Amino acid sequence: MTDAFAKIQALIHNTEQEFVAQLLTVQDRQQLEQLRILYLGRKGRVQALFSSLAQLDPAERPMIGQELNRLKKEFEEKLTAKLSKAAQSAKTIEQFDYSLPGRSPASGGLHPLMQVLDEIKSIFTSMGFRIEEGPEIELDYYNFEALNIPPYHPSRDMQDTFYLDGKYVLRTHTSPVQIRTMERQKPPVRMIAPGRCFRKDTPDATHSPTFHQVEGLCVDRDISFADLKGVVQVFAQKMFGQDVRVRFRPSFFPFTEPSAEYDFSCFVCQGKGCRVCKGTGWIEISGAGMVDPAVFGFVDYDPNVYSGYAFGMGVERIAMLKYQINDIRYFFDNDLRFLEQF
Ligand code: DAH
C-alpha cells in the first residue's frame with residue numbers, strides 16, 4: 001500500500017465526518033444548498049478527491065473509486081432526506097393557526113344547587129339564623145313521630161320513603177333537624193337546616209328521588225305569624241328581587257298549627273300571568289306555620305312560654321325558578337354542558 005493510498009483514505013474518512021457534523025448544524029434551505037455545493041459541487045470536496053485518484057497506483061484506483069462513489073451517494077441521500085424534512089416542518093408551521101384561542105386548564109366550579117344553597121344560607125345567616133345539620137339516614141322517630149306524624153297517620157303516605165329496617169329511614173325532609181336542634185338547646189332558637197332528602201318518587205321533570213331542602217325554625221317568647229311573614233318576605237326579595245310579593249294560603253302539616261303554604265309573585269311576568277307561573281301570577285314555594293304545641297311536647301319546651309314558626313323550601317325548585325331550568329333531572333345527570341353554564 002502506498003503512502004498516497006493511506007492519505008486519501010484518511011481524507012475520505014475526515015470528509016465524511018465533517019459532512020455529517022455540518023449537516024447537523026444546518027438551519028434552513030439556503031445553508032443546505034451551500035453544503036451541497038461545498039461537497040458535491042463541480043469544485044467541491046468529493047470532486048477534489050476524485051481528482052486525486054490520478055496520484056494513485058493504477059492498481060489502487062478501483063478500490064478508492066468505489067469508496068468515493070459510495071461517499072457521493074451517501075451525501076446525496078442525506079441531503080435529500082434533510083431537504084424533505086425541512087419542507088415538511090415548514091408546512092406544519094404554515095398550517096398552525098396562531099389566531100386560535102389558547103388552551104386554558106379546566107377549572108372546577110360549584111354545582112348550581114350548591115351556589116343557590118350558598119345564597120340561601122347567606123341570606124338567612126344575615127338575619128341571625130344559625131346553620132344546623134342532621135343525618136341523612138334518620139330515625140323514624142325524628143323524621144315522623146316527634147314531628148307529630150304517628151305511624152298510622154295518612155300524611156306518611158305523601159312522603160313514602162326508603163325504610164332501612166324498622167327504625168331507620170332515608171329522611172324525607174329536613175324537618176327532623178328541628179327536633180334534633182331543640183333537643184340540644186333551650187330557646188331562643190333561630191336556625192336553618194340545609195340538606196339532602198329522599199323520597200320514593202319516580203323521576204320526571206319536577207320529581208327526583210334525591211333532592212334538597214332548607215328547613216327554618218325560630219322559637220322564642222312572643223314569636224308570631226307576623227315574624228314568619230316578615231322573614232319569608234325578606235328572603236323572597238333578596239333571592240328574587242325587590243318587587244316580589246309573598247302570599248300565604250291555609251294548608252295542613254302535622255307539625256305546625258296553623259299551617260300555610262306560601263307563594264311568591266311571579267318575578268318573570270310580575271304577576272301578570274305567564275308560562276313559568278302557569279298563568280296564575282304566583283309561584284308555589286313551600287310550607288310553613290307556627291310550631292304545633294305537640295311538637296314542643298317531644299322536646300320539653302313549655303308551649304305556654306314559647307312559641308315559634310317553621311318553614312321549609314325546596315332548593316331545586318328555587319334554583320329552577322332562578323335560572324329558568326325546566327327539568328329537575330339536569331341537576332343530577334352530571335352533564336358538563338349543563339353544569340358549565342353556571
Ligand atoms: N317538611 C315539609 C315537606 O317536606 C315542608 C314543611 C312544611 C316544612 C311546613 C316546615 C313547615 O317547616 O312548617 O313537605
# chains A, B, ... in the order shown; residues from 1 in each chain; ligands from 1
>>> residues_near_ligand(ligand="ligand 1", cutoff="9 Å", atoms="only C-alpha atoms and all ligand atoms", output="PyMOL selection string")
chain A and resi 158-159+172-176+178+197+213-217+251-257+259-261+286-291+309-314
>>> residues_around(residues="stretch 44-57 of chain A", least_positions_apart="4", cutoff="12 Å", atoms="only C-alpha atoms", output="PyMOL selection string")
chain A and resi 1-16+18-19+34-40+61-76
>>> closest_residue(among="A:Thr280, A:Ser84, A:Asn326, A:Ser104", to="A:Ala205", atoms="only C-alpha atoms")
A:Asn326
>>> residues_around(residues="A:Arg245", least_positions_apart="4", cutoff="8 Å", atoms="only C-alpha atoms", output="PDB file with all heavy atoms, in the first residue's frame")
ATOM      1  N   GLN A 233     -90.753  37.237  53.592  1.00  0.00           N
ATOM      2  CA  GLN A 233     -90.788  38.376  52.657  1.00  0.00           C
ATOM      3  C   GLN A 233     -89.371  38.869  52.330  1.00  0.00           C
ATOM      4  O   GLN A 233     -89.029  39.087  51.170  1.00  0.00           O
ATOM      5  CB  GLN A 233     -91.621  39.510  53.284  1.00  0.00           C
ATOM      6  CG  GLN A 233     -91.648  40.797  52.456  1.00  0.00           C
ATOM      7  CD  GLN A 233     -92.527  40.679  51.213  1.00  0.00           C
ATOM      8  OE1 GLN A 233     -93.655  40.191  51.311  1.00  0.00           O
ATOM      9  NE2 GLN A 233     -92.011  41.089  50.067  1.00  0.00           N
ATOM     10  N   ALA A 236     -87.645  36.392  50.078  1.00  0.00           N
ATOM     11  CA  ALA A 236     -88.148  36.448  48.694  1.00  0.00           C
ATOM     12  C   ALA A 236     -87.507  37.612  47.942  1.00  0.00           C
ATOM     13  O   ALA A 236     -87.071  37.467  46.795  1.00  0.00           O
ATOM     14  CB  ALA A 236     -89.669  36.590  48.688  1.00  0.00           C
ATOM     15  N   GLN A 237     -87.425  38.756  48.606  1.00  0.00           N
ATOM     16  CA  GLN A 237     -86.883  39.937  47.926  1.00  0.00           C
ATOM     17  C   GLN A 237     -85.389  39.814  47.673  1.00  0.00           C
ATOM     18  O   GLN A 237     -84.892  40.211  46.630  1.00  0.00           O
ATOM     19  CB  GLN A 237     -87.185  41.186  48.747  1.00  0.00           C
ATOM     20  CG  GLN A 237     -88.670  41.528  48.695  1.00  0.00           C
ATOM     21  CD  GLN A 237     -89.022  42.707  49.582  1.00  0.00           C
ATOM     22  OE1 GLN A 237     -88.400  42.898  50.619  1.00  0.00           O
ATOM     23  NE2 GLN A 237     -90.023  43.468  49.180  1.00  0.00           N
ATOM     24  N   PHE A 264     -94.678  33.006  45.954  1.00  0.00           N
ATOM     25  CA  PHE A 264     -94.055  34.288  45.588  1.00  0.00           C
ATOM     26  C   PHE A 264     -94.742  34.790  44.330  1.00  0.00           C
ATOM     27  O   PHE A 264     -95.084  33.988  43.453  1.00  0.00           O
ATOM     28  CB  PHE A 264     -92.555  34.123  45.289  1.00  0.00           C
ATOM     29  CG  PHE A 264     -91.723  33.751  46.492  1.00  0.00           C
ATOM     30  CD1 PHE A 264     -90.388  33.376  46.342  1.00  0.00           C
ATOM     31  CD2 PHE A 264     -92.261  33.784  47.782  1.00  0.00           C
ATOM     32  CE1 PHE A 264     -89.615  33.044  47.446  1.00  0.00           C
ATOM     33  CE2 PHE A 264     -91.495  33.444  48.893  1.00  0.00           C
ATOM     34  CZ  PHE A 264     -90.168  33.060  48.727  1.00  0.00           C
ATOM     35  N   SER A 265     -94.934  36.105  44.235  1.00  0.00           N
ATOM     36  CA  SER A 265     -95.487  36.637  42.993  1.00  0.00           C
ATOM     37  C   SER A 265     -94.477  36.354  41.883  1.00  0.00           C
ATOM     38  O   SER A 265     -93.274  36.395  42.119  1.00  0.00           O
ATOM     39  CB  SER A 265     -95.756  38.133  43.105  1.00  0.00           C
ATOM     40  OG  SER A 265     -94.544  38.830  43.291  1.00  0.00           O
TER      41      SER A 265
END
>>> closest_atom_pairs(of="stretch 79-173 of chain A", to="stretch 26-30 of chain A", cutoff="9 Å", atoms="only C-alpha atoms", output="Markdown table")
| residue | atom | partner | partner_atom | distance |
| --- | --- | --- | --- | --- |
| A:Leu83 | CA | A:Arg29 | CA | 7.0 |
| A:Ala86 | CA | A:Asp28 | CA | 7.3 |
| A:Ala87 | CA | A:Arg29 | CA | 8.6 |
>>> closest_residue(among="A:Phe296, A:Phe124, A:Tyr262, A:Phe198", to="A:Leu147", atoms="only C-alpha atoms")
A:Phe296
